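> Just passing along the structure, written as structure tokens.
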Amino acid sequence: MRDASEITSFQNRAIAPEGTNAHYPSFDITPNELISGIITEKGVMKVPYKASLKNVRPVVSSPT
């Protein structure tokens with residue numbers, strides 16, 4: 001869980017009424033059966049993920 005002040009304030013200024021409670025989990029755990037695709041910059045990966053993820057090419061950064 002993250003600190004509620006990360007939602008109720010911005011740049012050390014309150015943006016919610018004093019005493020506001022907030023629930024701010026660090027991440028969400030979604031059950032596998034509810035996931036129908038994984039969206040990436042290379043496209044949407046669909047079931048079977050093992051096969052579709054093999055078709056994703058790594059992102060190569062251009063030299064600077």
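Residue numbering restarts at 1 in every chain; chains get A, B, ... in the order shown in the structure tokens, and ligands count up from 1 in that same order.
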What residues in chain A get the DSSP label strand (DSSP E or B)? Please answer as a ChimeraX atom specification.

/A:9-10,13-14,38-40,43-45

> Find the spatial neighbours of Asn21 in chain A, counting only C-alpha atoms, within a cut-off of 10 Å - ignore same-chain residues fewer than 6 positions away - and output them as JSON, numbers by chain.

{"A": [4, 5, 7, 8]}

> What is the CA of Pro25 in chain A to CA of Glu41 in chain A distance in Å?

25.4 Å

> How many Å separate CA of His23 in chain A from CA of Arg2 in chain A?

8.2 Å

> How many Å separate CA of Glu33 in chain A from CA of Ser52 in chain A?

17.2 Å
